[in-house]
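Here the structure is laid out as structure tokens; the discussion comes afterwards.
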Amino acid sequence: MMKNTLFAIGEALIDFIPSETGCDFKDVKSFSPKIGGAPANVLGAFAKLGGRTQLITQLGDDPFGDKIVKELAGFNIGLDNVLLTDLANTALAFVSLANDGNRTFSFYRNPSADMLYDAENIREEMFEDCFALHFCSVSLGDFPMKEAHKKAIGLAKTQGAVISFDPNIRFPLWNDTEKLKEAIDEFLTSADIIKISDEEIEFITGTNDIEAGSKMLLENAKIVLCTCGAKGAYALTKNSQVYVPSNKVKAVDTTGAGDAFIGSFLYNLYRNGYERDTLDKIPIEELKQFVKASNDYCTKSVQVQGAIESYPDVI
């Protein structure tokens with residue numbers, strides 16, 4: 001029987017979006033709070049398109065945590081596995097935007113509530129309806145949430161779920177890039193789908209050649225997605241490779257664009273009945289249609305500020 005729910009584990013936070021673009025943090029006059037965090041964003045895309053979702057995270061028992069809970073509920077994201085704690089605050093990320101919409105981040109997360117989420121909170125019955133489990137590298141540092149990831153991935157696999165990994169590299173969060181690389185390498189072998197960007201592939205694989213790097217990742221994964229911003233996106237399997245160019249638009253804010261891509265891609269897999277055992281059997285023309293649909297979805301997103309609130313409700 002087909003499972004119906006996309007799960008994501010990791011951080012949910014507040015992105016503070018600047019009032020102006022093309023300037024450094026010190027020159028920004030004001031910031032607006034927007035709901036963010038890559039796992040939450042991916043669920044936002046899936047939910048807006050009509051899918052069922054569940055987020056696994058922990059928030060501070062504070063006004064920012066309250067804001068996240070209220071707004072995620074408004075986006076129909078499942079919150080059954082979201083905990084509150086008074087041991088740490090909700091994570092914050094301040095963003096500056098270049099003229100082309102690209103971002104730099106300054107994080108307030110040392111530690112934040114999500115980092116302290118304990119593996120004991122992960123239970124086998126949580127994943128009985130799990131179509132796929134998505135995660136990123138932000139929460140893979142040496143703190144309790146990393147162990148929660150390991151347990152969740154193991155239990156989701158026993159249910160036959162698709163495991164989706166977007167390294168989503170944030171160098172400012174790591175004092176040692178070797179530790180980051182080790183954490184990513186540790187979890188790559190668990191993933192059926194790996195979503196990377198052209199800016200990340202050399203750090204992850206040692207080569208900036210998309211085809212060569214993807215072949216390395218496909219030793220374990222079934223699908224590698226590589227997004228290249230305005231230059232388009234690739235999807236590669238052991239048997240096929242597709243490329244779709246991007247639509248040319250003026251990007252206002254690229255925050256959450258990669259999350260929109262993988263969230264909409266996972267929704268198309270779900271909508272068309274693909275499961276873990278059939279991921280490498282997608283016909284090449286259908287795979288190309290999925291990539292084009294996700295490209296189009298991102299195109300609409302980057303023309304509006306914020307992440308989830310910028311996502312369309314049709315693909």
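As shown in the structure tokens, the chain order sets the letters A, B, ...; within each chain, residues go from 1, and ligands are also counted from 1 in the order they appear.
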
Report the residues of range 131-235 of chain A whose backbone DSSP state falls under alpha helix (DSSP H), written as a PDB file with N, CA and C atoms, in the first residue's frame.
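Once written, result15.pdb looks like this:
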```pdb
ATOM      1  N   PRO A 144      22.559  16.292  20.185  1.00  0.00           N
ATOM      2  CA  PRO A 144      21.573  15.210  20.207  1.00  0.00           C
ATOM      3  C   PRO A 144      20.780  15.029  18.910  1.00  0.00           C
ATOM      4  N   MET A 145      20.488  16.100  18.193  1.00  0.00           N
ATOM      5  CA  MET A 145      19.677  15.978  16.984  1.00  0.00           C
ATOM      6  C   MET A 145      20.319  15.064  15.939  1.00  0.00           C
ATOM      7  N   LYS A 146      21.629  14.967  15.897  1.00  0.00           N
ATOM      8  CA  LYS A 146      22.286  14.067  14.945  1.00  0.00           C
ATOM      9  C   LYS A 146      21.873  12.619  15.200  1.00  0.00           C
ATOM     10  N   GLU A 147      21.864  12.213  16.464  1.00  0.00           N
ATOM     11  CA  GLU A 147      21.460  10.850  16.805  1.00  0.00           C
ATOM     12  C   GLU A 147      19.982  10.624  16.497  1.00  0.00           C
ATOM     13  N   ALA A 148      19.172  11.664  16.658  1.00  0.00           N
ATOM     14  CA  ALA A 148      17.757  11.560  16.290  1.00  0.00           C
ATOM     15  C   ALA A 148      17.606  11.304  14.794  1.00  0.00           C
ATOM     16  N   HIS A 149      18.446  11.967  13.984  1.00  0.00           N
ATOM     17  CA  HIS A 149      18.438  11.717  12.541  1.00  0.00           C
ATOM     18  C   HIS A 149      18.733  10.247  12.238  1.00  0.00           C
ATOM     19  N   LYS A 150      19.758   9.716  12.871  1.00  0.00           N
ATOM     20  CA  LYS A 150      20.145   8.325  12.604  1.00  0.00           C
ATOM     21  C   LYS A 150      19.001   7.373  12.916  1.00  0.00           C
ATOM     22  N   LYS A 151      18.360   7.604  14.051  1.00  0.00           N
ATOM     23  CA  LYS A 151      17.263   6.722  14.450  1.00  0.00           C
ATOM     24  C   LYS A 151      16.075   6.873  13.507  1.00  0.00           C
ATOM     25  N   ALA A 152      15.748   8.106  13.143  1.00  0.00           N
ATOM     26  CA  ALA A 152      14.609   8.345  12.246  1.00  0.00           C
ATOM     27  C   ALA A 152      14.850   7.705  10.882  1.00  0.00           C
ATOM     28  N   ILE A 153      16.051   7.863  10.355  1.00  0.00           N
ATOM     29  CA  ILE A 153      16.367   7.285   9.047  1.00  0.00           C
ATOM     30  C   ILE A 153      16.251   5.765   9.094  1.00  0.00           C
ATOM     31  N   GLY A 154      16.787   5.164  10.152  1.00  0.00           N
ATOM     32  CA  GLY A 154      16.711   3.718  10.270  1.00  0.00           C
ATOM     33  C   GLY A 154      15.282   3.217  10.334  1.00  0.00           C
ATOM     34  N   LEU A 155      14.436   3.887  11.126  1.00  0.00           N
ATOM     35  CA  LEU A 155      13.041   3.464  11.253  1.00  0.00           C
ATOM     36  C   LEU A 155      12.251   3.723   9.971  1.00  0.00           C
ATOM     37  N   ALA A 156      12.530   4.845   9.303  1.00  0.00           N
ATOM     38  CA  ALA A 156      11.839   5.134   8.043  1.00  0.00           C
ATOM     39  C   ALA A 156      12.206   4.096   6.982  1.00  0.00           C
ATOM     40  N   LYS A 157      13.467   3.689   6.973  1.00  0.00           N
ATOM     41  CA  LYS A 157      13.897   2.667   6.009  1.00  0.00           C
ATOM     42  C   LYS A 157      13.156   1.351   6.230  1.00  0.00           C
ATOM     43  N   THR A 158      12.937   0.992   7.494  1.00  0.00           N
ATOM     44  CA  THR A 158      12.235  -0.268   7.756  1.00  0.00           C
ATOM     45  C   THR A 158      10.799  -0.230   7.251  1.00  0.00           C
ATOM     46  N   THR A 177      35.470  22.722   8.719  1.00  0.00           N
ATOM     47  CA  THR A 177      34.831  22.217   7.495  1.00  0.00           C
ATOM     48  C   THR A 177      35.080  20.726   7.302  1.00  0.00           C
ATOM     49  N   GLU A 178      36.150  20.197   7.888  1.00  0.00           N
ATOM     50  CA  GLU A 178      36.387  18.753   7.796  1.00  0.00           C
ATOM     51  C   GLU A 178      35.306  17.987   8.553  1.00  0.00           C
ATOM     52  N   LYS A 179      34.872  18.544   9.684  1.00  0.00           N
ATOM     53  CA  LYS A 179      33.791  17.913  10.443  1.00  0.00           C
ATOM     54  C   LYS A 179      32.496  17.928   9.631  1.00  0.00           C
ATOM     55  N   LEU A 180      32.259  19.020   8.927  1.00  0.00           N
ATOM     56  CA  LEU A 180      31.090  19.109   8.053  1.00  0.00           C
ATOM     57  C   LEU A 180      31.156  18.044   6.964  1.00  0.00           C
ATOM     58  N   LYS A 181      32.314  17.932   6.320  1.00  0.00           N
ATOM     59  CA  LYS A 181      32.489  16.940   5.249  1.00  0.00           C
ATOM     60  C   LYS A 181      32.288  15.522   5.792  1.00  0.00           C
ATOM     61  N   GLU A 182      32.830  15.250   6.978  1.00  0.00           N
ATOM     62  CA  GLU A 182      32.662  13.925   7.580  1.00  0.00           C
ATOM     63  C   GLU A 182      31.190  13.632   7.859  1.00  0.00           C
ATOM     64  N   ALA A 183      30.466  14.630   8.349  1.00  0.00           N
ATOM     65  CA  ALA A 183      29.046  14.432   8.652  1.00  0.00           C
ATOM     66  C   ALA A 183      28.257  14.161   7.382  1.00  0.00           C
ATOM     67  N   ILE A 184      28.529  14.930   6.338  1.00  0.00           N
ATOM     68  CA  ILE A 184      27.827  14.712   5.067  1.00  0.00           C
ATOM     69  C   ILE A 184      28.136  13.322   4.524  1.00  0.00           C
ATOM     70  N   ASP A 185      29.419  12.946   4.518  1.00  0.00           N
ATOM     71  CA  ASP A 185      29.812  11.629   4.006  1.00  0.00           C
ATOM     72  C   ASP A 185      29.123  10.507   4.773  1.00  0.00           C
ATOM     73  N   GLU A 186      28.989  10.690   6.077  1.00  0.00           N
ATOM     74  CA  GLU A 186      28.367   9.659   6.912  1.00  0.00           C
ATOM     75  C   GLU A 186      26.924   9.389   6.505  1.00  0.00           C
ATOM     76  N   PHE A 187      26.217  10.453   6.093  1.00  0.00           N
ATOM     77  CA  PHE A 187      24.790  10.307   5.801  1.00  0.00           C
ATOM     78  C   PHE A 187      24.487  10.110   4.311  1.00  0.00           C
ATOM     79  N   LEU A 188      25.436  10.397   3.433  1.00  0.00           N
ATOM     80  CA  LEU A 188      25.185  10.225   2.001  1.00  0.00           C
ATOM     81  C   LEU A 188      24.790   8.793   1.658  1.00  0.00           C
ATOM     82  N   ILE A 201      28.848  20.833  -5.156  1.00  0.00           N
ATOM     83  CA  ILE A 201      29.262  19.519  -5.638  1.00  0.00           C
ATOM     84  C   ILE A 201      30.757  19.267  -5.459  1.00  0.00           C
ATOM     85  N   GLU A 202      31.591  20.295  -5.629  1.00  0.00           N
ATOM     86  CA  GLU A 202      33.025  20.063  -5.488  1.00  0.00           C
ATOM     87  C   GLU A 202      33.392  19.765  -4.038  1.00  0.00           C
ATOM     88  N   PHE A 203      32.787  20.476  -3.093  1.00  0.00           N
ATOM     89  CA  PHE A 203      33.067  20.206  -1.681  1.00  0.00           C
ATOM     90  C   PHE A 203      32.659  18.787  -1.312  1.00  0.00           C
ATOM     91  N   ILE A 204      31.534  18.326  -1.864  1.00  0.00           N
ATOM     92  CA  ILE A 204      30.995  17.021  -1.493  1.00  0.00           C
ATOM     93  C   ILE A 204      31.711  15.881  -2.202  1.00  0.00           C
ATOM     94  N   THR A 205      32.039  16.055  -3.483  1.00  0.00           N
ATOM     95  CA  THR A 205      32.580  14.944  -4.274  1.00  0.00           C
ATOM     96  C   THR A 205      34.039  15.097  -4.661  1.00  0.00           C
ATOM     97  N   ILE A 210      29.605  18.010 -12.917  1.00  0.00           N
ATOM     98  CA  ILE A 210      28.325  17.514 -12.414  1.00  0.00           C
ATOM     99  C   ILE A 210      28.125  16.043 -12.728  1.00  0.00           C
ATOM    100  N   GLU A 211      28.442  15.634 -13.950  1.00  0.00           N
ATOM    101  CA  GLU A 211      28.244  14.228 -14.320  1.00  0.00           C
ATOM    102  C   GLU A 211      29.174  13.311 -13.523  1.00  0.00           C
ATOM    103  N   ALA A 212      30.445  13.677 -13.434  1.00  0.00           N
ATOM    104  CA  ALA A 212      31.405  12.836 -12.713  1.00  0.00           C
ATOM    105  C   ALA A 212      31.079  12.782 -11.220  1.00  0.00           C
ATOM    106  N   GLY A 213      30.759  13.938 -10.631  1.00  0.00           N
ATOM    107  CA  GLY A 213      30.418  13.963  -9.219  1.00  0.00           C
ATOM    108  C   GLY A 213      29.155  13.178  -8.922  1.00  0.00           C
ATOM    109  N   SER A 214      28.169  13.303  -9.802  1.00  0.00           N
ATOM    110  CA  SER A 214      26.906  12.585  -9.597  1.00  0.00           C
ATOM    111  C   SER A 214      27.106  11.080  -9.690  1.00  0.00           C
ATOM    112  N   LYS A 215      27.979  10.633 -10.589  1.00  0.00           N
ATOM    113  CA  LYS A 215      28.254   9.196 -10.696  1.00  0.00           C
ATOM    114  C   LYS A 215      28.810   8.644  -9.391  1.00  0.00           C
ATOM    115  N   MET A 216      29.628   9.438  -8.707  1.00  0.00           N
ATOM    116  CA  MET A 216      30.130   9.005  -7.403  1.00  0.00           C
ATOM    117  C   MET A 216      28.977   8.836  -6.418  1.00  0.00           C
ATOM    118  N   LEU A 217      28.075   9.797  -6.404  1.00  0.00           N
ATOM    119  CA  LEU A 217      26.947   9.752  -5.476  1.00  0.00           C
ATOM    120  C   LEU A 217      25.981   8.628  -5.816  1.00  0.00           C
TER     121      LEU A 217
END
```

Would you pick out the contacts of Ile35 in chain A at 7 Å or less, using only C-alpha atoms, so that residues sharing its chain but fewer than 5 positions from it are not included, and give the list as a PDB file with N, CA and C atoms, in the first residue's frame?
```
ATOM      1  N   LEU A  13      13.053  27.575  11.845  1.00  0.00           N
ATOM      2  CA  LEU A  13      13.598  28.796  12.435  1.00  0.00           C
ATOM      3  C   LEU A  13      12.921  30.025  11.841  1.00  0.00           C
ATOM      4  N   ILE A  14      13.369  31.181  12.316  1.00  0.00           N
ATOM      5  CA  ILE A  14      12.909  32.447  11.761  1.00  0.00           C
ATOM      6  C   ILE A  14      14.020  33.028  10.889  1.00  0.00           C
ATOM      7  N   ASP A  15      13.723  33.234   9.605  1.00  0.00           N
ATOM      8  CA  ASP A  15      14.612  33.983   8.718  1.00  0.00           C
ATOM      9  C   ASP A  15      14.246  35.458   8.826  1.00  0.00           C
ATOM     10  N   ILE A  68       6.269  30.236  14.819  1.00  0.00           N
ATOM     11  CA  ILE A  68       6.500  29.147  13.872  1.00  0.00           C
ATOM     12  C   ILE A  68       5.355  28.141  13.916  1.00  0.00           C
TER      13      ILE A  68
END
```

- [ ] Identify, on the basis of only C-alpha atoms, every residue whose closest approach to range 125-129 of chain A does not exceed 7 Å; exclude the query and any residue fewer than 4 positions from it along the same chain; express the result as a list in words.
- [x]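 So the residues in contact are Lys3, Asn4, Thr5, Ala156 and Gln159 of chain A.
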
Would you list the contacts of Thr227 in chain A as a PDB file with C-alpha atoms, in the first residue's frame, taking every protein, DNA or RNA residue within 7 Å and counting only C-alpha atoms, but skipping same-chain residues closer than 6 positions in sequence?
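Saved result, selection_3.pdb, follows:
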```pdb
ATOM      1  CA  ILE A 196      22.865  19.297  -4.320  1.00  0.00           C
ATOM      2  CA  SER A 197      23.700  22.618  -5.940  1.00  0.00           C
ATOM      3  CA  ASP A 198      26.447  23.352  -8.430  1.00  0.00           C
ATOM      4  CA  ALA A 233      18.924  21.813 -13.183  1.00  0.00           C
ATOM      5  CA  TYR A 234      19.975  18.210 -13.764  1.00  0.00           C
TER       6      TYR A 234
END
```

Open item on the list: At a cut-off of 8 Å, using only C-alpha atoms, what residues contact Leu133 in chain A? Leave out same-chain residues fewer than 2 positions from it and give the result as an NGL selection string.
Closed with: :A and (6-9 or 130-131 or 135 or 153 or 156 or 161-164)

Store the residues picked out above, limited to all heavy atoms, as a CSV table (one decimal), in the first residue's frame.
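Result file follows (again_7.csv):
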```
chain,number,residue,atom,x,y,z
A,6,LEU,N,4.9,12.9,3.8
A,6,LEU,CA,6.3,13.3,3.7
A,6,LEU,C,6.7,13.8,5.1
A,6,LEU,O,6.1,14.7,5.7
A,6,LEU,CB,6.5,14.4,2.7
A,6,LEU,CG,7.9,15.0,2.7
A,6,LEU,CD1,9.0,14.0,2.3
A,6,LEU,CD2,8.0,16.3,1.7
A,7,PHE,N,7.7,13.2,5.7
A,7,PHE,CA,8.3,13.6,6.9
A,7,PHE,C,9.6,14.4,6.7
A,7,PHE,O,10.3,14.2,5.7
A,7,PHE,CB,8.7,12.4,7.8
A,7,PHE,CG,7.5,11.8,8.5
A,7,PHE,CD1,6.6,11.1,7.8
A,7,PHE,CD2,7.4,11.9,9.9
A,7,PHE,CE1,5.5,10.5,8.5
A,7,PHE,CE2,6.4,11.3,10.6
A,7,PHE,CZ,5.4,10.6,9.9
A,8,ALA,N,9.9,15.3,7.5
A,8,ALA,CA,11.2,16.0,7.5
A,8,ALA,C,11.7,16.2,8.9
A,8,ALA,O,10.9,16.5,9.8
A,8,ALA,CB,11.1,17.4,6.8
A,9,ILE,N,13.0,16.0,9.1
A,9,ILE,CA,13.6,16.2,10.4
A,9,ILE,C,14.7,17.2,10.4
A,9,ILE,O,15.4,17.3,9.4
A,9,ILE,CB,14.1,14.8,11.0
A,9,ILE,CG1,14.7,15.0,12.4
A,9,ILE,CG2,15.2,14.2,10.0
A,9,ILE,CD1,15.0,13.7,13.1
A,130,CYS,N,4.8,6.8,6.3
A,130,CYS,CA,5.9,7.6,5.8
A,130,CYS,C,6.2,7.3,4.4
A,130,CYS,O,6.8,6.2,4.1
A,130,CYS,CB,7.1,7.5,6.7
A,130,CYS,SG,8.5,8.5,6.2
A,131,PHE,N,5.8,8.1,3.4
A,131,PHE,CA,6.2,8.0,2.0
A,131,PHE,C,7.7,8.3,1.9
A,131,PHE,O,8.4,7.6,1.2
A,131,PHE,CB,5.4,8.9,1.2
A,131,PHE,CG,6.0,9.4,-0.1
A,131,PHE,CD1,6.3,8.4,-1.1
A,131,PHE,CD2,6.5,10.7,-0.3
A,131,PHE,CE1,6.9,8.8,-2.3
A,131,PHE,CE2,7.1,11.1,-1.5
A,131,PHE,CZ,7.3,10.1,-2.5
A,135,PHE,N,15.9,15.3,5.0
A,135,PHE,CA,16.8,15.9,6.0
A,135,PHE,C,17.9,16.7,5.3
A,135,PHE,O,18.2,16.5,4.1
A,135,PHE,CB,17.3,14.9,7.0
A,135,PHE,CG,18.3,13.9,6.4
A,135,PHE,CD1,19.7,14.1,6.6
A,135,PHE,CD2,17.9,12.8,5.7
A,135,PHE,CE1,20.6,13.2,6.1
A,135,PHE,CE2,18.8,11.9,5.2
A,135,PHE,CZ,20.1,12.1,5.4
A,153,ILE,N,16.1,7.9,10.4
A,153,ILE,CA,16.4,7.3,9.0
A,153,ILE,C,16.3,5.8,9.1
A,153,ILE,O,15.7,5.1,8.2
A,153,ILE,CB,17.8,7.7,8.6
A,153,ILE,CG1,17.8,9.2,8.3
A,153,ILE,CG2,18.2,6.9,7.4
A,153,ILE,CD1,19.2,9.8,8.1
A,156,ALA,N,12.5,4.8,9.3
A,156,ALA,CA,11.8,5.1,8.0
A,156,ALA,C,12.2,4.1,7.0
A,156,ALA,O,11.4,3.7,6.2
A,156,ALA,CB,12.2,6.5,7.6
A,161,ALA,N,10.4,3.7,3.3
A,161,ALA,CA,10.3,5.1,2.9
A,161,ALA,C,11.5,5.5,2.0
A,161,ALA,O,12.6,5.0,2.1
A,161,ALA,CB,10.2,6.0,4.1
A,162,VAL,N,11.2,6.4,1.1
A,162,VAL,CA,12.3,7.1,0.4
A,162,VAL,C,13.1,8.0,1.3
A,162,VAL,O,12.5,8.7,2.1
A,162,VAL,CB,11.7,7.9,-0.8
A,162,VAL,CG1,12.8,8.8,-1.5
A,162,VAL,CG2,10.9,7.1,-1.8
A,163,ILE,N,14.4,7.9,1.3
A,163,ILE,CA,15.2,8.8,2.1
A,163,ILE,C,15.8,9.9,1.2
A,163,ILE,O,16.5,9.6,0.2
A,163,ILE,CB,16.3,8.0,2.8
A,163,ILE,CG1,15.8,6.8,3.6
A,163,ILE,CG2,17.1,9.0,3.7
A,163,ILE,CD1,14.8,7.2,4.7
A,164,SER,N,15.5,11.1,1.5
A,164,SER,CA,15.9,12.3,0.7
A,164,SER,C,16.9,13.2,1.5
A,164,SER,O,16.5,13.6,2.6
A,164,SER,CB,14.7,13.1,0.3
A,164,SER,OG,15.0,14.3,-0.3
```

- [ ] DSSP on the backbone, then: every residue of range 60-272 of chain A marked strand (DSSP E), written as a PyMOL selection string.
- [x] chain A and resi 60+81-85+92-97+103-108+130-136+162-166+193-197+223-227+233-236+241-244

Open item on the list: List the spatial neighbours of Gly306 in chain A as a PyMOL selection string - criterion: any atom at most 7 Å away, only C-alpha atoms, same-chain residues fewer than 3 positions off excluded.
Closed with: chain A and resi 34+253+255+309-310

Open item on the list: Need the shell around range 105-116 of chain A: protein/DNA/RNA residues with any atom at most 8 Å away, counting only C-alpha atoms. Skip same-chain ones fewer than 2 positions apart. Format as a count of residues only?
Closed with: 27

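Of note, CA of Val42 in chain A and CA of Asp259 in chain A are spaced 4.9 Å apart.
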
Open item on the list: My list of candidates is A:Ala47, A:Ile262, A:Ala307, A:Ala38. Which is closest to Ala235 in chain A when distances are computed with only C-alpha atoms?
Closed with: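 Ranked by minimum distance to Ala235 in chain A, first place goes to A:Ile262.
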
Task: Closest of A:Phe31, A:Ile77, A:Asp66, A:Val244 to Leu49 in chain A - atom-to-atom distances counting only C-alpha atoms - done: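 Among A:Phe31, A:Ile77, A:Asp66, A:Val244, it is A:Ile77 that comes nearest to Leu49 in chain A.
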